[in-house]
Every structure is written in C-alpha cells, then in structure tokens.
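Engineer: Quick one: structure below, then a few questions.
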Amino acid sequence: MTLDRTLPGIQNLKHVVVLMMENRSFDHMLGALKATNPNIDGLSGTESNPDTTGASVTVQPVAQYQSQLDPDPNHHFAAVNLQIFNSTQHGPPLPANMQGFVASYFNQQQNVAHSQEILYYFTPDKLPVLTTLANQYAVFNRWFASIPGPTICNRAFAHYGTSFGQVSMDVFYEGKDIQAIYPRVLAAGYSCKLFYYDEASSTMEVVNLLQNQPSIFGTFKDFLNACTQNALPDYCFIEPNYTDHPAPDRSGEAIACDQHPDHDVRAGEQFIAQVYNAIRLNPNLWPNTAMLLVYDEHGGIYDHVPPPACTPDTPYVAQPADTGTLDPFAFDRLGVRVPAILISPWVAAGTVINDTFDHASIPATVTEFLRLPDVKRSARELAANTFLGNLTLPAMRADDECPSFVLQNANS
Amino acid sequence: MDPVLVPAPPRSAYNPNRRVSDLLYNQLKHFQHVEMKRGDLGIDAEAARNIHTEGGAAKYIAAVTVALRGKPLAPSASRNLAVMAAPKPVKEPQAETALSIAAAAETSSASAKGTATKAAKKGSGAKVAAKPFKGKR
C-alpha cells in the first residue's frame, strides 16, 4: 500500500517513535480484550495445549506481574519450532497448530504444573497502560516477530530489515552490504536517534552501531529532554532498561522495565506511560508524532494465531546446525505474534488493523515516510507492509478524547 | 477523559542480584567482542570478571558503553578480529530425546554449531545463563 500523503495526519507528521519491549506474546498481554472488542483476535478462553501427561490445559486469566515465568521460557529457534509445530525436528509442511507451548516449557523444569503457566494471560485491569492504548488507538491483530527465534536476530530486523541469515543471538553483522536504517536516514539529511535507557543498560544493537556510530545513541533522559525542548529527531528508536542496577548517576535504583521475564511487568507499564506522556502532553509534539509500541518476540509464551508464510529473505538460508532442527530455514515464515499498537491523535479509537506486519515493517515505514533514496535493502524489508497509512482521521482528535497517564509511586 | 493511574512495582521487585538471563549473557558476549576488538578501553578488570548478576553485568556494560561513546572507532580500523571463545555449556541431565533439541537450543547458539543430530544428543544445556560470565582478560 503506497502511503497516501493527502491524509491530514501524514501532512502533519514530523516524527516517528518506535518503542520495542521484550518477550511477551499478543494473547498473554492483549488476548483478554476480545471479550470487549470482538474485532480483536484474542482469546475466547477455550484455547488449549496438551501437557506432558496428555491432559488438555486451557488458557487462564491469571498471569502475574512477576515470578510465574521463571525460568525464562525457551524461545530459541528449535524451542519455538516445538511451540508452533509440536515438533522439535520439523516445521512445514507440518501444520502450525500452536500446540507445543506447554511441552516446551516442561522441558526446562520437568514440572507439569509449572509448565501450564505458559498459557496464563493478563486481565485488562492489570495492564492499564497497554490495554488503554490498545483500546484508544490502533491495535495490530497480525504483527508477528520477524523470526521464530530469540531477541537479537529479531531486533536486527527492526534496525536492518534483515538478520543477515542469523536465527540466534550471535549476530555479528559487520561489513555487510545492507545498512541499518539510521545511517540511511542521516545520509538523506534527516535526524535520528537510538535511545537506550542508560549506559548500564545500553543497547542490544552493540556490535555494529555502538562501536562505529556512537553519535546516533542517546539515553532515555536525552529522549525526555528532546521532547521537552521540542528537539525530537525525525526518527527515534527507544530501548527499555534491561537490568536492575544502581543508576549510573547515583540517583537511585534503576529497575528493569523491559518486561522480559522475570522482570516486573508494572515497571514496563510505567515506562511505556512515560514515553507516551512525553509526547502526548507536549502540544508541539502530539499533533505531529506517530508512536509504535511493539514487542521483539513472544518469549516462549502462548499465542493462538499460527504465524504465516512470508517473502523469503533471499539469499539467506540458516542451516540445520544453526536452527537446531533437521530443517534449514529460508526466513520464509514469521515468528509468533506480539503486541503492537500505533498511537497518534490521527488514529480513531478502537481501530483494529488486520494486515500482516513484522519488524521489517519498521525500516520499510521510515524509508517510505522520509522518501529515503533507493539503496540496497533486504528482500524482507522490500516486501514488508508499512503502517503510517492508518493515520486516517480527517481531523485530529480533541485533547480530552486522548488518554494520559499518572504514575504512582512504589508503596512497599 | 480522566488520567489513567499506573501502579508501580513494589520495591521488592528490584533485585540487582538476579542472575543474568540468556539475553544478558549474549549482550555481555557482544560487549566483550567489542572490547577485544578495540583493544584497551581502560575497563576495570574486576568489572569484567566473573559476572553473575544483573548488577554486575550493568557495571561492565556501563564501562564499555561510556568508553565507546567517548572513543569512536577510526574509519580505518577494519582489521581482522579475534573471535571470542564460546562458553562451555553446563552439562545437565539428559532430557527425553524427542524434546531435547529444544532444550539444547536454549544454550547459546555457539553450542548448537554441530549437526542437529548432535544437538539432539546433547540434552539440556538450559542453564548457560546461570553460570558466571567470565570476562577474557
């Protein structure tokens, strides 16, 4: 879909902000919303997986903020293969029946009761930020991780539109012929920043960009200052805090806010609210900024929607030695579905987007919006859908029609 | 529209002594790769050694990040790099063969460089992240 530049929301648009969180599936975080909005492809409450005794276990709305998903559910390629196809050895043409999540989690502790917790999901009242944003703006029914695998290769798609053939955490993509989106943006005369939380959390995009182009990085404090000073770059990518650590400036404790299991989900809710408020409460930014909130991958947690096929990322093929299965992988199908929400005052409340997206859609969208010069891009990025065409309202929503958040303090 | 209240996590949720996750373990590997490539970044040897916890990882990552942002790489510095040695997976009891490929994949991919059959025979190596991260000095 070519971007309609006559849309008022696009004519006003100056900034695109992407916030990528960690390791939660769509159904785990947003599946309960189907009860109040049937257009959202969430959970009916009858979805199930067999456990290792053969008993059928149904999804349950009893997810907790912390402690249930310890140890961290396996989400490397072979484990995700088991989760999707109920086979450790083969993928297609086996059906993607999404029946192997409990079996996969059982492998880690051989504890039948604990393995069932991989099916637990949150009720909306426990996630006021995420569910408010999903209800008040546009929620994607079909945003999938780019690869049925772990963090680093999935985040690579958000930065490069490809993982250069990697399905693992070892993405040492130096000297490649496809540039990250950041130098592409800069070369065209636009501004961009990759904001990590602080120096102690830093970035998951380290090997290439941090060592070669440190000037494109900033901290979350820099992001907040840029918002306050009306100096937000044209394109921003924000990373959450990945660890609990003393703040480098000795200002106190910096709690992990990435929502990666087993970090407390409430810290991530507050972080998302901070990013949103920084834009929403600045009248100079709110009308001309689009924010995408998305998760990098599902973290091994249950989702009921089978990932679809996609354009192969030619010429890359991961061999069985790397996938850990008996099959090679041509990057021709997507990973498990993740939460994704498009936020803008030019988006109607209650919007549900049904087109298929993955993280390659991020550089594809930025490239389209900024009309970046034609340079070499991955097959996946070239084929990816773009999402700014969903800013469809003829007039901006009134201020009192758009939510804002108040952060409460820890009380214990 | 009334503002939405956002609860904070309890103070007890903060735990810098939590063991490093698989994600953090790999982030540390990447930072160590960069540190080796760049030569002496002046990193405190203690910060880079025997990293067990999130707090310890954060201390090392902060040191490398600050050094990198203060010392951009010269464009000519495209020399060949020493590749960091892969960590040895922790041996754990063998799981059922039919499920062990998935368990083996939970180790870093470096441990999955053999054939898929080899991976299947390895059994679970699921706790790589639970062992300390040994900085190579």
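Going by the structure tokens order, chains are called A, B, ..., each with residues numbered from 1, while ligands are numbered from 1 in the order shown.
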Run DSSP on the backbone and grab whatever in segment 202-294 of chain A lands in helix (DSSP H, G or I); send it over as a PyMOL selection string.

Structural biologist: chain A and resi 206-212+214-216+220-228+265-280+286-288

Engineer: I'd like a table as CSV: residues in segment 189-284 of chain A with an atom no more than 7 Å from segment 52-59 of chain B, each row giving the shortest atom pair and its distance in Å to one decimal, only C-alpha atoms counted, sorted by chain and rising residue number.

Structural biologist:
residue,atom,partner,partner_atom,distance
A:Ala200,CA,B:Ala58,CA,4.5
A:Ser201,CA,B:Ala58,CA,6.0
A:Thr243,CA,B:Glu54,CA,5.5
A:Asp244,CA,B:Glu54,CA,6.1
A:His245,CA,B:Gly55,CA,4.8

Engineer: Write out, as a compact mmCIF listing (two decimals), in the first residue's frame, the residues just selected, with C-alpha atoms.

Structural biologist:
# COMPACT_ATOMS: atom_id res chain seq x y z
CA ALA A 200 24.40 0.49 32.34
CA SER A 201 21.56 -0.99 30.33
CA THR A 243 18.60 -4.88 34.11
CA ASP A 244 18.04 -3.98 37.75
CA HIS A 245 21.05 -1.85 38.65

Engineer: Can you pull out every residue within 7 Å of segment 155-168 of chain A, counting only C-alpha atoms, but drop anything in the same chain fewer than 3 positions away, and send it as a ChimeraX atom specification?

Structural biologist: /A:76-77,146,149-152,171,173,179-181,296,316-318,323,359-360,362-363,378,380-381 /B:109

Engineer: Have a look at atom CA of Ile255 of chain A and atom CA of Tyr14 of chain B and let me know their distance in Å, one decimal.

Structural biologist: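 Rounded to one decimal, the two atoms are 5.8 Å apart.
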
Engineer: Choose the residue, out of A:Lys193, A:Arg184, A:His263, A:His28, that has the smallest atom-to-atom separation from chain B; count only C-alpha atoms.

Structural biologist: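 Comparing A:Lys193, A:Arg184, A:His263, A:His28 against chain B, the winner is A:His263.
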
Engineer: Of the candidates A:Phe331, A:Phe144, A:Phe220, A:Tyr196, which shows the shortest atom-to-atom distance to chain B, using only C-alpha atoms?

Structural biologist: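 Answer, going by the shortest atom-to-atom distance: A:Tyr196.
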
Engineer: Could you please write out, as a list of chain:residue names, every residue of segment 159-285 of chain A that DSSP assigns to strand (DSSP E or B)?

Structural biologist: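 Written out, the strand (DSSP E or B) residues of segment 159-285 of chain A are A:Cys192, A:Lys193, A:Leu194, A:Phe195, A:Tyr196, A:Phe217, A:Gly218, A:Thr219, A:Tyr235, A:Cys236, A:Phe237, A:Ile238, A:His245, A:Pro246, A:Glu253, A:Ala254.
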
Engineer: Go ahead and write the residues just picked, C-alpha atoms, as a short mmCIF file (atom, residue, chain, number, x, y, z; two decimals), in the first residue's frame.

Structural biologist:
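Output file result-v3.cif is given in full below:
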data_model
loop_
_atom_site.label_atom_id
_atom_site.label_comp_id
_atom_site.auth_asym_id
_atom_site.auth_seq_id
_atom_site.Cartn_x
_atom_site.Cartn_y
_atom_site.Cartn_z
CA CYS A 192 17.53 10.06 14.11
CA LYS A 193 18.49 8.66 17.49
CA LEU A 194 18.59 5.27 19.11
CA PHE A 195 17.81 5.89 22.78
CA TYR A 196 18.89 3.24 25.25
CA PHE A 217 22.86 6.96 20.53
CA GLY A 218 21.30 8.73 23.45
CA THR A 219 19.82 7.87 26.83
CA TYR A 235 13.08 9.05 13.72
CA CYS A 236 13.59 7.63 17.21
CA PHE A 237 14.02 4.06 18.40
CA ILE A 238 13.77 3.51 22.16
CA HIS A 245 21.05 -1.85 38.65
CA PRO A 246 22.09 1.21 40.61
CA GLU A 253 17.73 2.30 41.71
CA ALA A 254 17.03 1.69 38.03
#
